[in-house]
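Asks: So here's final_22.txt (compact mmCIF, C-alpha atoms).
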# COMPACT_ATOMS: atom_id res chain seq x y z
CA MET A 237 97.83 153.07 47.58
CA ARG A 238 95.45 152.41 44.76
CA ALA A 239 92.50 154.81 44.65
CA GLU A 240 90.22 151.78 44.40
CA THR A 241 91.60 150.34 47.67
CA LEU A 242 91.07 153.67 49.41
CA ALA A 243 87.50 153.83 48.11
CA ARG A 244 86.80 150.28 49.37
CA LEU A 245 88.25 151.13 52.80
CA ASN A 246 86.03 154.20 53.03
CA ALA A 247 82.99 152.23 51.84
CA GLU A 248 83.50 149.57 54.53
CA ARG A 249 83.70 152.29 57.17
CA ALA A 250 80.57 154.02 55.88
CA ALA A 251 78.71 150.70 56.04
CA ARG A 252 79.86 150.20 59.68
CA ARG A 253 81.88 147.10 58.85
CA ALA A 254 85.38 146.41 60.17
CA ALA A 255 88.33 146.08 57.78
CA ILE A 256 92.12 145.89 57.95
CA LEU A 257 94.44 147.33 55.33
CA VAL A 258 97.70 145.36 55.21
CA THR A 259 100.59 147.43 53.83
CA ASP A 260 104.03 146.04 53.03
CA ILE A 261 106.33 148.79 54.27
CA ALA A 262 109.18 147.86 51.92
CA ASP A 263 107.34 148.07 48.60
CA GLY A 264 103.99 149.68 49.48
CA GLY A 265 102.05 146.59 48.32
CA GLN A 266 98.61 146.48 49.88
CA ARG A 267 95.56 144.32 50.38
CA LEU A 268 92.30 145.02 52.14
CA VAL A 269 90.90 142.30 54.41
CA THR A 270 87.23 142.80 55.22
CA GLU A 271 85.87 141.46 58.52
CA ASP A 272 84.14 138.50 56.88
CA ALA A 273 87.43 137.45 55.24
CA VAL A 274 89.61 137.61 58.37
CA ALA A 275 88.98 134.03 59.52
CA ALA A 276 90.18 132.55 56.21
CA ASP A 277 93.18 134.87 55.89
CA PRO A 278 96.75 133.50 56.23
CA LEU A 279 97.29 136.10 58.98
CA ALA A 280 93.94 135.26 60.64
CA GLU A 281 95.29 134.99 64.17
CA ILE A 282 97.11 138.31 64.27
CA LEU A 283 94.40 140.11 62.29
CA SER A 284 91.76 138.85 64.75
CA ARG A 285 93.77 140.20 67.66
CA HIS A 286 94.06 143.62 66.04
CA LEU A 287 90.38 143.60 65.15
CA ALA A 288 89.46 142.88 68.78
CA SER A 289 91.67 145.63 70.17
CA GLY A 290 90.76 148.05 67.37
CA ARG A 291 94.41 149.14 67.20
CA SER A 292 96.52 149.77 64.14
CA GLY A 293 100.12 148.62 64.32
CA LEU A 294 103.27 147.26 62.74
CA ILE A 295 103.82 143.50 62.48
CA GLU A 296 106.60 141.35 61.07
CA VAL A 297 105.81 138.36 58.87
CA ASP A 298 108.70 136.23 57.56
CA GLY A 299 111.08 139.16 57.89
CA HIS A 300 108.69 141.56 56.11
CA LYS A 301 107.38 144.55 58.02
CA LYS A 302 103.73 145.12 57.43
CA PHE A 303 101.52 147.87 58.78
CA LEU A 304 97.94 147.09 59.74
CA THR A 305 95.52 149.99 59.40
CA VAL A 306 92.68 148.74 61.56
CA GLN A 307 89.29 150.24 61.02
CA VAL A 308 86.55 149.25 63.45
CA PRO A 309 83.17 151.01 63.53
CA PRO A 310 82.54 153.22 66.57
CA VAL A 311 80.65 151.20 69.17
CA ARG A 312 77.12 152.28 70.06
CA LEU A 313 75.41 151.55 73.35
CA VAL A 314 71.62 151.47 73.29
CA VAL A 315 69.96 151.40 76.69
CA ILE A 316 66.28 150.61 77.06
CA GLY A 317 64.96 152.42 80.11
CA ALA A 318 65.55 155.98 81.27
CA VAL A 319 66.11 154.67 84.77
CA HIS A 320 68.48 155.48 87.63
CA ILE A 321 71.11 152.99 86.37
CA SER A 322 71.10 154.64 82.92
CA GLN A 323 71.57 158.05 84.53
CA ALA A 324 74.65 156.74 86.34
CA MET A 325 75.82 155.04 83.15
CA ALA A 326 75.75 158.17 80.97
CA PRO A 327 79.03 159.82 82.11
CA MET A 328 80.80 156.46 82.35
CA ALA A 329 79.78 155.52 78.79
CA ALA A 330 81.06 158.87 77.54
CA ALA A 331 84.42 158.26 79.22
CA LEU A 332 84.59 154.86 77.48
CA ASP A 333 83.84 156.39 74.05
CA LEU A 334 80.58 154.47 73.80
CA ALA A 335 77.97 156.47 71.88
CA LEU A 336 74.96 156.21 74.19
CA THR A 337 71.30 156.34 73.23
CA VAL A 338 68.58 155.92 75.85
CA ILE A 339 65.14 154.77 74.70
CA ASP A 340 62.07 154.83 76.96
CA PRO A 341 58.45 155.47 75.92
CA ARG A 342 57.56 156.53 79.47
CA THR A 343 57.85 160.28 79.16
CA ALA A 344 57.93 160.70 82.94
CA PHE A 345 61.29 158.90 82.89
CA ALA A 346 62.68 160.11 79.58
CA THR A 347 63.15 163.78 80.38
CA PRO A 348 66.08 165.95 79.28
CA GLU A 349 66.37 167.18 82.88
CA ARG A 350 67.21 163.65 84.01
CA PHE A 351 69.55 163.05 81.05
CA PRO A 352 71.37 166.28 80.20
CA GLY A 353 73.41 165.97 77.02
CA VAL A 354 72.32 162.37 76.34
CA ALA A 355 70.61 161.20 73.13
CA LEU A 356 67.21 160.41 74.58
CA VAL A 357 64.34 158.96 72.54
CA PRO A 358 60.91 158.92 74.27
CA GLU A 359 59.46 156.25 71.99
CA TRP A 360 58.71 152.52 72.05
CA PRO A 361 61.83 150.53 71.01
CA ASP A 362 60.10 149.14 67.90
CA ALA A 363 59.34 152.65 66.67
CA ALA A 364 62.68 154.12 67.72
CA LEU A 365 65.04 151.47 66.28
CA GLY A 366 65.43 152.02 62.58
CA GLY A 367 63.58 155.34 63.00
CA ALA A 368 64.91 158.08 65.27
CA VAL A 369 67.73 155.70 66.27
CA PRO A 370 69.82 154.00 63.54
CA ALA A 371 69.05 150.28 63.26
CA LEU A 372 71.05 148.00 65.56
CA ASP A 373 74.08 146.18 64.14
CA ARG A 374 76.93 143.95 65.31
CA TYR A 375 78.85 146.92 66.72
CA CYS A 376 76.02 147.79 69.09
CA ALA A 377 75.58 146.81 72.72
CA LEU A 378 72.02 146.69 74.01
CA ALA A 379 71.09 146.77 77.68
CA ALA A 380 67.42 146.35 78.58
CA LEU A 381 66.86 147.93 81.98
CA THR A 382 63.15 148.75 82.34
CA HIS A 383 62.00 145.49 84.07
CA ASP A 384 58.90 145.82 81.87
CA PRO A 385 58.54 143.05 79.23
CA LYS A 386 56.33 145.30 77.08
CA ILE A 387 59.30 147.64 76.63
CA ASP A 388 62.32 145.32 77.03
CA ASP A 389 61.18 142.36 74.93
CA PRO A 390 60.83 144.09 71.54
CA ALA A 391 64.28 145.62 71.99
CA LEU A 392 65.82 142.27 72.93
CA ARG A 393 64.25 140.65 69.87
CA SER A 394 65.73 143.38 67.64
CA ALA A 395 69.15 143.04 69.30
CA LEU A 396 69.25 139.26 68.82
CA ARG A 397 68.19 139.56 65.19
CA ALA A 398 70.80 142.26 64.52
CA GLY A 399 73.59 140.18 66.12
CA CYS A 400 74.57 142.89 68.61
CA PHE A 401 77.91 141.95 70.20
CA TYR A 402 76.36 142.43 73.63
CA VAL A 403 72.78 141.86 74.74
CA GLY A 404 72.00 142.20 78.43
CA ALA A 405 68.76 142.28 80.38
CA LEU A 406 68.07 143.35 83.93
CA GLY A 407 66.08 141.02 86.13
CA SER A 408 66.33 138.07 88.48
CA ARG A 409 66.87 134.50 87.31
CA LYS A 410 63.14 133.91 87.70
CA THR A 411 62.29 136.97 85.59
CA HIS A 412 64.80 135.80 83.01
CA ALA A 413 63.34 132.28 82.86
CA ALA A 414 59.95 133.82 82.04
CA ARG A 415 61.64 136.04 79.44
CA LEU A 416 63.33 133.04 77.80
CA ALA A 417 59.97 131.29 77.58
CA ARG A 418 58.42 134.32 75.85
CA LEU A 419 61.32 134.56 73.39
CA ALA A 420 61.09 130.83 72.64
CA GLU A 421 57.41 131.33 71.87
CA ALA A 422 58.41 134.16 69.53
CA GLY A 423 60.57 131.68 67.61
CA PHE A 424 64.06 132.23 69.03
CA SER A 425 66.23 129.15 69.53
CA ASP A 426 67.99 128.33 72.79
CA SER A 427 71.38 129.16 71.29
CA GLU A 428 70.10 132.58 70.23
CA THR A 429 68.60 133.45 73.61
CA ALA A 430 71.68 132.08 75.38
CA ARG A 431 73.46 135.18 74.13
CA ILE A 432 71.44 137.35 76.51
CA ARG A 433 73.44 138.15 79.63
CA ALA A 434 71.12 137.85 82.57
CA PRO A 435 71.29 138.61 85.38
CA ILE A 436 73.02 141.55 83.72
CA GLY A 437 76.53 142.73 84.57
CA LEU A 438 79.75 141.27 85.94
CA ALA A 439 79.41 139.63 89.35
CA ILE A 440 81.06 142.34 91.44
CA GLY A 441 78.39 142.46 94.09
CA ALA A 442 77.06 145.75 92.73
CA VAL A 443 74.47 147.43 94.96
CA SER A 444 74.01 151.09 93.98
CA PRO A 445 72.83 152.21 90.51
CA ALA A 446 76.35 153.46 89.74
CA GLU A 447 77.86 150.12 90.73
CA ILE A 448 75.36 148.24 88.58
CA ALA A 449 76.14 150.63 85.70
CA LEU A 450 79.85 149.85 86.20
CA SER A 451 79.25 146.10 86.22
CA VAL A 452 77.25 146.33 82.98
CA LEU A 453 79.86 148.51 81.28
CA GLY A 454 82.61 146.13 82.45
CA GLU A 455 80.71 143.25 80.89
CA ILE A 456 80.32 145.22 77.65
CA VAL A 457 84.05 146.00 77.48
CA ALA A 458 84.87 142.33 78.10
CA ALA A 459 82.50 141.26 75.31
CA LEU A 460 84.05 143.82 72.97
CA ARG A 461 87.71 143.17 73.64
CA ARG A 462 87.88 139.47 74.40
CA ALA A 463 86.12 138.17 71.32
CA PRO A 464 88.15 138.25 68.11
CA CYS A 465 85.12 139.71 66.41
CA PRO A 466 81.44 140.07 67.31
CA GLU A 467 79.38 136.97 66.65
CA ALA A 468 77.39 136.93 63.48
CA ALA A 469 73.62 137.04 63.73
CA MET B 68 91.63 167.91 66.75
CA LEU B 69 89.56 169.23 63.88
CA SER B 70 89.46 166.19 61.63
CA THR B 71 89.12 162.56 62.54
CA ASP B 72 91.15 159.95 60.71
CA SER B 73 87.93 158.92 58.93
CA ASP B 74 87.50 162.45 57.59
CA ILE B 75 91.06 162.39 56.35
CA LEU B 76 90.69 159.13 54.40
CA ALA B 77 87.42 160.42 52.94
CA ALA B 78 89.18 163.65 51.95
CA ALA B 79 92.04 161.67 50.34
CA GLU B 80 89.51 159.80 48.21
CA SER B 81 87.58 162.91 47.18
CA TRP B 82 90.74 164.93 46.41
CA ARG B 83 92.00 162.11 44.17
CA ARG B 84 88.60 161.80 42.49
CA ASN B 85 88.78 165.51 41.72
CA GLY B 86 92.03 164.92 39.86
CA ARG B 87 94.42 166.21 42.50
CA ALA B 88 97.75 164.42 43.07
CA VAL B 89 97.54 162.95 46.57
CA ALA B 90 99.87 161.34 49.11
CA LEU B 91 98.87 159.76 52.38
CA ALA B 92 101.14 159.81 55.45
CA THR B 93 100.49 157.35 58.30
CA VAL B 94 102.15 157.10 61.72
CA ILE B 95 103.34 153.48 61.79
CA GLU B 96 105.50 153.44 64.95
CA THR B 97 105.97 155.61 68.00
CA TRP B 98 108.38 155.55 70.93
CA GLY B 99 108.22 157.66 74.06
CA SER B 100 105.78 160.52 74.34
CA ALA B 101 104.65 160.74 70.74
CA PRO B 102 101.88 163.30 70.23
CA ARG B 103 99.71 161.31 67.82
CA PRO B 104 98.90 157.59 68.03
CA VAL B 105 99.88 154.88 65.55
CA GLY B 106 97.45 154.93 62.62
CA SER B 107 97.08 158.73 62.53
CA HIS B 108 96.87 160.11 59.00
CA LEU B 109 97.89 163.23 57.11
CA VAL B 110 96.77 163.74 53.53
CA VAL B 111 98.76 166.04 51.26
CA ASP B 112 98.15 167.20 47.69
CA GLY B 113 100.67 168.20 45.03
CA GLU B 114 100.40 171.88 46.01
CA GLY B 115 101.17 171.18 49.65
CA ASN B 116 97.59 171.55 50.92
CA PHE B 117 97.06 169.14 53.79
CA LEU B 118 94.53 167.81 56.27
CA GLY B 119 95.12 165.87 59.48
CA SER B 120 98.27 165.47 61.55
CA VAL B 121 101.00 163.01 62.40
CA SER B 122 102.43 165.03 65.31
CA GLY B 123 101.46 168.04 67.32
CA GLY B 124 102.54 170.23 64.41
CA CYS B 125 106.28 169.71 64.99
CA VAL B 126 107.15 167.71 61.88
CA GLU B 127 104.21 168.30 59.52
CA GLY B 128 106.27 170.71 57.41
CA ALA B 129 108.91 168.10 56.73
CA VAL B 130 106.32 165.39 56.05
CA ILE B 131 104.59 167.63 53.51
CA THR B 132 107.88 168.30 51.70
CA GLU B 133 108.61 164.57 51.56
CA ALA B 134 105.03 163.81 50.50
CA ILE B 135 105.32 166.13 47.51
CA GLU B 136 108.50 164.26 46.50
CA VAL B 137 106.69 160.93 46.90
CA ILE B 138 103.89 162.24 44.66
CA GLU B 139 106.51 163.01 41.98
CA ALA B 140 108.67 159.90 42.41
CA GLY B 141 105.94 157.35 43.11
CA ALA B 142 107.82 155.04 45.50
CA PRO B 143 106.69 155.01 49.14
CA ARG B 144 109.05 156.20 51.89
CA VAL B 145 109.44 155.67 55.60
CA LEU B 146 110.43 158.83 57.51
CA GLU B 147 111.69 158.94 61.06
CA PHE B 148 111.56 161.93 63.36
CA GLY B 149 112.73 162.45 66.88
CA VAL B 150 115.29 164.05 69.13
CA ALA B 151 117.93 161.60 67.95
CA ASP B 152 117.43 162.56 64.31
CA GLU B 153 117.50 166.33 64.49
CA THR B 154 120.66 166.61 62.45
CA ALA B 155 119.36 164.28 59.79
CA TRP B 156 115.93 165.81 59.47
CA ARG B 157 116.19 169.28 61.02
CA ALA B 158 112.64 168.75 62.21
CA GLY B 159 112.45 167.19 65.67
CA LEU B 160 109.86 166.39 68.26
CA SER B 161 110.14 168.76 71.21
CA CYS B 162 108.30 166.25 73.40
CA GLY B 163 111.31 163.91 73.18
CA GLY B 164 109.42 161.12 71.45
CA ARG B 165 110.20 159.46 68.16
CA ILE B 166 107.83 158.58 65.35
CA ARG B 167 108.08 156.71 62.08
CA VAL B 168 105.81 157.80 59.25
CA PHE B 169 104.95 155.87 56.07
CA VAL B 170 104.27 158.07 53.07
CA GLU B 171 102.62 156.66 49.95
CA ARG B 172 101.14 158.06 46.79
CA VAL B 173 97.46 157.49 46.05
CA GLU B 174 97.53 156.13 42.51
Reformat the file's structure so that it appears as structure tokens.
Replies:
Amino acid sequence: MRAETLARLNAERAARRAAILVTDIADGGQRLVTEDAVAADPLAEILSRHLASGRSGLIEVDGHKKFLTVQVPPVRLVVIGAVHISQAMAPMAAALDLALTVIDPRTAFATPERFPGVALVPEWPDAALGGAVPALDRYCALAALTHDPKIDDPALRSALRAGCFYVGALGSRKTHAARLARLAEAGFSDSETARIRAPIGLAIGAVSPAEIALSVLGEIVAALRRAPCPEAA
Amino acid sequence: MLSTDSDILAAAESWRRNGRAVALATVIETWGSAPRPVGSHLVVDGEGNFLGSVSGGCVEGAVITEAIEVIEAGAPRVLEFGVADETAWRAGLSCGGRIRVFVERVE
């Protein structure tokens, strides 16, 4: 491996961008395919599949064995609202290797007692994102769960702008229609706001907070694994 | 596990930058109950210092020996370890799995 290739691979990882290193096992020849170059690559289809699964592996192309070192940034889950559903979500997110951050400016909700061991930020989303919480990016999922437009809306706007691979918002269809109208007023197009999953979560008939948490996490996993690569902003 | 695969690739880069001879070993295939998943890395320098793992410690010694040879010779190698290859490699995987490891020099 050329030192320069290794340095580029490490740089892509540090910048939280996906990349695949393609190594010819017979002669050690290598090339690095960054996420923005996957679609135009001769191996686009297979590279996309590996990017979606996040798994490294051996492939065979025209009788040549090639190893794909797949590097995908760790997925972050940002939840707006230190509510009952988020409490139920915390251990499930940990089991799924999703790095969870809960943001809620209401200090009565955002208490360490209610969220032991969870990254909890008792600030308004606008202040928290890009401040105490790293800015959102394509490898982030955002779930807005407060029911309060003052808190949810700024976070949803940030998530849409950042191109988060998953953006979900709690609330009835009626609540969501009002939300869409507010976002349209703020300058978001229909195709942008169509990316918001609302009512949030897979339709599994969830009733309890834990069941709703499960339906949201199921929807997040589906968004992560089904798409070849998160949609660009 | 003490080091993630990210740490190991970062270490490989910084060791090379500091003028050390470096080889990188990567698990490219596994069968059965292999201890470390495909894509796991082990970085080795010319003195045999290493970071990371490609098995639960069963075959690291042999990989390091081969890695030092790859550093000297330059050409990459594919190593295979497992119960079926004990006579060939002396090192074997007690778990009964088999792994294939690609070893390359960092130029």
Asks: Determine, using only C-alpha atoms, which residues of chain A have any atom at most 9 Å from an atom of chain B, and tabulate each with its shortest atom pair and distance in Å to one decimal place, rows ordered by chain and then rising number, as a tab-separated table.
Replies:
residue	atom	partner	partner_atom	distance
A:Met237	CA	B:Val173	CA	4.7
A:Arg238	CA	B:Glu174	CA	4.8
A:Ala239	CA	B:Glu174	CA	5.6
A:Glu240	CA	B:Glu174	CA	8.7
A:Leu242	CA	B:Glu80	CA	6.4
A:Ala243	CA	B:Glu80	CA	6.3
A:Leu245	CA	B:Leu76	CA	8.5
A:Asn246	CA	B:Ala77	CA	6.4
A:Arg249	CA	B:Ser73	CA	8.1
A:Ile261	CA	B:Phe169	CA	7.4
A:Ala262	CA	B:Pro143	CA	8.1
A:Asp263	CA	B:Pro143	CA	7.0
A:Gly264	CA	B:Pro143	CA	6.0
A:Arg291	CA	B:Gly106	CA	8.0
A:Ser292	CA	B:Gly106	CA	5.5
A:Gly293	CA	B:Ile95	CA	6.4
A:Leu294	CA	B:Ile95	CA	6.3
A:Phe303	CA	B:Ile95	CA	6.6
A:Leu304	CA	B:Gly106	CA	8.4
A:Thr305	CA	B:Gly106	CA	6.2
A:Val306	CA	B:Gly106	CA	7.9
Asks: If you keep C-alpha atoms, can you produce a file of those selected residues as a compact mmCIF listing (two decimals), in the coordinates of the input?
Replies:
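Saved as result-v2.txt:
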# COMPACT_ATOMS: atom_id res chain seq x y z
CA MET A 237 97.83 153.07 47.58
CA ARG A 238 95.45 152.41 44.76
CA ALA A 239 92.50 154.81 44.65
CA GLU A 240 90.22 151.78 44.40
CA LEU A 242 91.07 153.67 49.41
CA ALA A 243 87.50 153.83 48.11
CA LEU A 245 88.25 151.13 52.80
CA ASN A 246 86.03 154.20 53.03
CA ARG A 249 83.70 152.29 57.17
CA ILE A 261 106.33 148.79 54.27
CA ALA A 262 109.18 147.86 51.92
CA ASP A 263 107.34 148.07 48.60
CA GLY A 264 103.99 149.68 49.48
CA ARG A 291 94.41 149.14 67.20
CA SER A 292 96.52 149.77 64.14
CA GLY A 293 100.12 148.62 64.32
CA LEU A 294 103.27 147.26 62.74
CA PHE A 303 101.52 147.87 58.78
CA LEU A 304 97.94 147.09 59.74
CA THR A 305 95.52 149.99 59.40
CA VAL A 306 92.68 148.74 61.56
Asks: Hey, can you pull every residue with an atom no more than 12 Å from (76.3, 140.9, 85.3), using all atoms listed in the file, and send it as an mmCIF file with C-alpha atoms, in the frame of the given file?
Replies:
data_model
loop_
_atom_site.group_PDB
_atom_site.id
_atom_site.type_symbol
_atom_site.label_atom_id
_atom_site.label_comp_id
_atom_site.auth_asym_id
_atom_site.auth_seq_id
_atom_site.Cartn_x
_atom_site.Cartn_y
_atom_site.Cartn_z
ATOM 1 C CA ALA A 379 71.090 146.770 77.680
ATOM 2 C CA TYR A 402 76.360 142.430 73.630
ATOM 3 C CA VAL A 403 72.780 141.860 74.740
ATOM 4 C CA GLY A 404 72.000 142.200 78.430
ATOM 5 C CA ALA A 405 68.760 142.280 80.380
ATOM 6 C CA LEU A 406 68.070 143.350 83.930
ATOM 7 C CA GLY A 407 66.080 141.020 86.130
ATOM 8 C CA SER A 408 66.330 138.070 88.480
ATOM 9 C CA ARG A 409 66.870 134.500 87.310
ATOM 10 C CA ILE A 432 71.440 137.350 76.510
ATOM 11 C CA ARG A 433 73.440 138.150 79.630
ATOM 12 C CA ALA A 434 71.120 137.850 82.570
ATOM 13 C CA PRO A 435 71.290 138.610 85.380
ATOM 14 C CA ILE A 436 73.020 141.550 83.720
ATOM 15 C CA GLY A 437 76.530 142.730 84.570
ATOM 16 C CA LEU A 438 79.750 141.270 85.940
ATOM 17 C CA ALA A 439 79.410 139.630 89.350
ATOM 18 C CA ILE A 440 81.060 142.340 91.440
ATOM 19 C CA GLY A 441 78.390 142.460 94.090
ATOM 20 C CA ALA A 442 77.060 145.750 92.730
ATOM 21 C CA VAL A 443 74.470 147.430 94.960
ATOM 22 C CA GLU A 447 77.860 150.120 90.730
ATOM 23 C CA ILE A 448 75.360 148.240 88.580
ATOM 24 C CA ALA A 449 76.140 150.630 85.700
ATOM 25 C CA LEU A 450 79.850 149.850 86.200
ATOM 26 C CA SER A 451 79.250 146.100 86.220
ATOM 27 C CA VAL A 452 77.250 146.330 82.980
ATOM 28 C CA LEU A 453 79.860 148.510 81.280
ATOM 29 C CA GLY A 454 82.610 146.130 82.450
ATOM 30 C CA GLU A 455 80.710 143.250 80.890
ATOM 31 C CA ILE A 456 80.320 145.220 77.650
ATOM 32 C CA ALA A 458 84.870 142.330 78.100
ATOM 33 C CA ALA A 459 82.500 141.260 75.310
#
Asks: What is the CA of Thr337 in chain A-CA of Val457 in chain A distance in Å, reported with one decimal?
Replies: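 Rounded to one decimal, the two atoms are 17.0 Å apart.
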Asks: Need the shell around Ala318 in chain A: protein/DNA/RNA residues with any atom at most 6 Å away, counting all atoms listed in the file. Skip same-chain ones fewer than 3 positions apart. Format as a PDB file with C-alpha atoms, in the frame of the given file?
Replies:
ATOM      1  CA  SER A 322      71.100 154.640  82.920  1.00  0.00           C
ATOM      2  CA  ASP A 340      62.070 154.830  76.960  1.00  0.00           C
ATOM      3  CA  PHE A 345      61.290 158.900  82.890  1.00  0.00           C
ATOM      4  CA  ALA A 346      62.680 160.110  79.580  1.00  0.00           C
TER       5      ALA A 346
END
Asks: Let me make sure I understand: among A:Val369, A:Asp426, A:Pro278, A:Thr343, which one has the smallest atom-to-atom distance to Ala413 in chain A if we use only C-alpha atoms?
Replies: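 Nearest candidate to Ala413 in chain A out of A:Val369, A:Asp426, A:Pro278, A:Thr343: A:Asp426.
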Asks: Counting all atoms listed in the file, figure out which residue out of B:Gly141, B:Glu147, B:Gly164, B:Ala92 gets nearest to Leu118 in chain B.
Replies: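 Closest to Leu118 in chain B, using all atoms listed in the file: B:Ala92.
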Asks: Which is closest to Asp373 in chain A among A:Trp360, A:Phe424, A:Phe401, A:Phe351, if we use only C-alpha atoms?
Replies: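 Of all the options, A:Phe401 lies closest to Asp373 in chain A.
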Asks: Neighbours of range 100-103 of chain B within 6 Å (all atoms listed in the file; same-chain residues fewer than 5 positions away dropped), as an MDAnalysis selection string?
Replies: chainID B and resid 121:123 164
Asks: Go ahead and save the picked residues with C-alpha atoms, as a compact mmCIF listing (two decimals), in the coordinates of the input.
Replies:
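Saved file selection.txt follows:
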# COMPACT_ATOMS: atom_id res chain seq x y z
CA VAL B 121 101.00 163.01 62.40
CA SER B 122 102.43 165.03 65.31
CA GLY B 123 101.46 168.04 67.32
CA GLY B 164 109.42 161.12 71.45
Asks: Have a look at CA of Ala422 in chain A and CA of Pro370 in chain A and let me know their distance in Å, one decimal.
Replies: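 Pair CA of Ala422 in chain A / CA of Pro370 in chain A returns 23.7 Å.
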Asks: Which residue, A:Pro385, A:Val357, A:Glu248, A:His286, has the smallest gap to Ala414 in chain A when you use all atoms listed in the file?
Replies: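 So, comparing all the options, the nearest one is A:Pro385.
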Asks: Because some atoms of range 274-287 of chain A are absent here, can you restore N, CA and C atoms and send them as a PDB file, in the coordinates of the input?
Replies:
ATOM      1  N   VAL A 274      88.501 137.734  57.413  1.00  0.00           N
ATOM      2  CA  VAL A 274      89.610 137.610  58.370  1.00  0.00           C
ATOM      3  C   VAL A 274      89.882 136.156  58.736  1.00  0.00           C
ATOM      4  N   ALA A 275      88.820 135.404  59.033  1.00  0.00           N
ATOM      5  CA  ALA A 275      88.980 134.030  59.520  1.00  0.00           C
ATOM      6  C   ALA A 275      89.735 133.152  58.525  1.00  0.00           C
ATOM      7  N   ALA A 276      89.560 133.391  57.228  1.00  0.00           N
ATOM      8  CA  ALA A 276      90.180 132.550  56.210  1.00  0.00           C
ATOM      9  C   ALA A 276      91.532 133.111  55.749  1.00  0.00           C
ATOM     10  N   ASP A 277      91.950 134.227  56.328  1.00  0.00           N
ATOM     11  CA  ASP A 277      93.180 134.870  55.890  1.00  0.00           C
ATOM     12  C   ASP A 277      94.408 134.145  56.451  1.00  0.00           C
ATOM     13  N   PRO A 278      95.526 134.120  55.695  1.00  0.00           N
ATOM     14  CA  PRO A 278      96.750 133.500  56.230  1.00  0.00           C
ATOM     15  C   PRO A 278      97.202 134.150  57.552  1.00  0.00           C
ATOM     16  N   LEU A 279      96.894 135.413  57.742  1.00  0.00           N
ATOM     17  CA  LEU A 279      97.290 136.100  58.980  1.00  0.00           C
ATOM     18  C   LEU A 279      96.130 136.163  59.976  1.00  0.00           C
ATOM     19  N   ALA A 280      95.191 135.204  59.854  1.00  0.00           N
ATOM     20  CA  ALA A 280      93.940 135.260  60.640  1.00  0.00           C
ATOM     21  C   ALA A 280      94.161 135.565  62.113  1.00  0.00           C
ATOM     22  N   GLU A 281      95.130 134.857  62.716  1.00  0.00           N
ATOM     23  CA  GLU A 281      95.290 134.990  64.170  1.00  0.00           C
ATOM     24  C   GLU A 281      95.660 136.415  64.567  1.00  0.00           C
ATOM     25  N   ILE A 282      96.645 136.962  63.895  1.00  0.00           N
ATOM     26  CA  ILE A 282      97.110 138.310  64.270  1.00  0.00           C
ATOM     27  C   ILE A 282      96.075 139.365  63.859  1.00  0.00           C
ATOM     28  N   LEU A 283      95.426 139.148  62.719  1.00  0.00           N
ATOM     29  CA  LEU A 283      94.400 140.110  62.290  1.00  0.00           C
ATOM     30  C   LEU A 283      93.239 140.120  63.282  1.00  0.00           C
ATOM     31  N   SER A 284      92.854 138.941  63.774  1.00  0.00           N
ATOM     32  CA  SER A 284      91.760 138.850  64.750  1.00  0.00           C
ATOM     33  C   SER A 284      92.103 139.628  66.007  1.00  0.00           C
ATOM     34  N   ARG A 285      93.355 139.478  66.440  1.00  0.00           N
ATOM     35  CA  ARG A 285      93.770 140.200  67.660  1.00  0.00           C
ATOM     36  C   ARG A 285      93.662 141.703  67.460  1.00  0.00           C
ATOM     37  N   HIS A 286      94.126 142.173  66.305  1.00  0.00           N
ATOM     38  CA  HIS A 286      94.060 143.620  66.040  1.00  0.00           C
ATOM     39  C   HIS A 286      92.630 144.091  65.887  1.00  0.00           C
ATOM     40  N   LEU A 287      91.789 143.250  65.323  1.00  0.00           N
ATOM     41  CA  LEU A 287      90.380 143.600  65.150  1.00  0.00           C
ATOM     42  C   LEU A 287      89.719 143.755  66.524  1.00  0.00           C
TER      43      LEU A 287
END
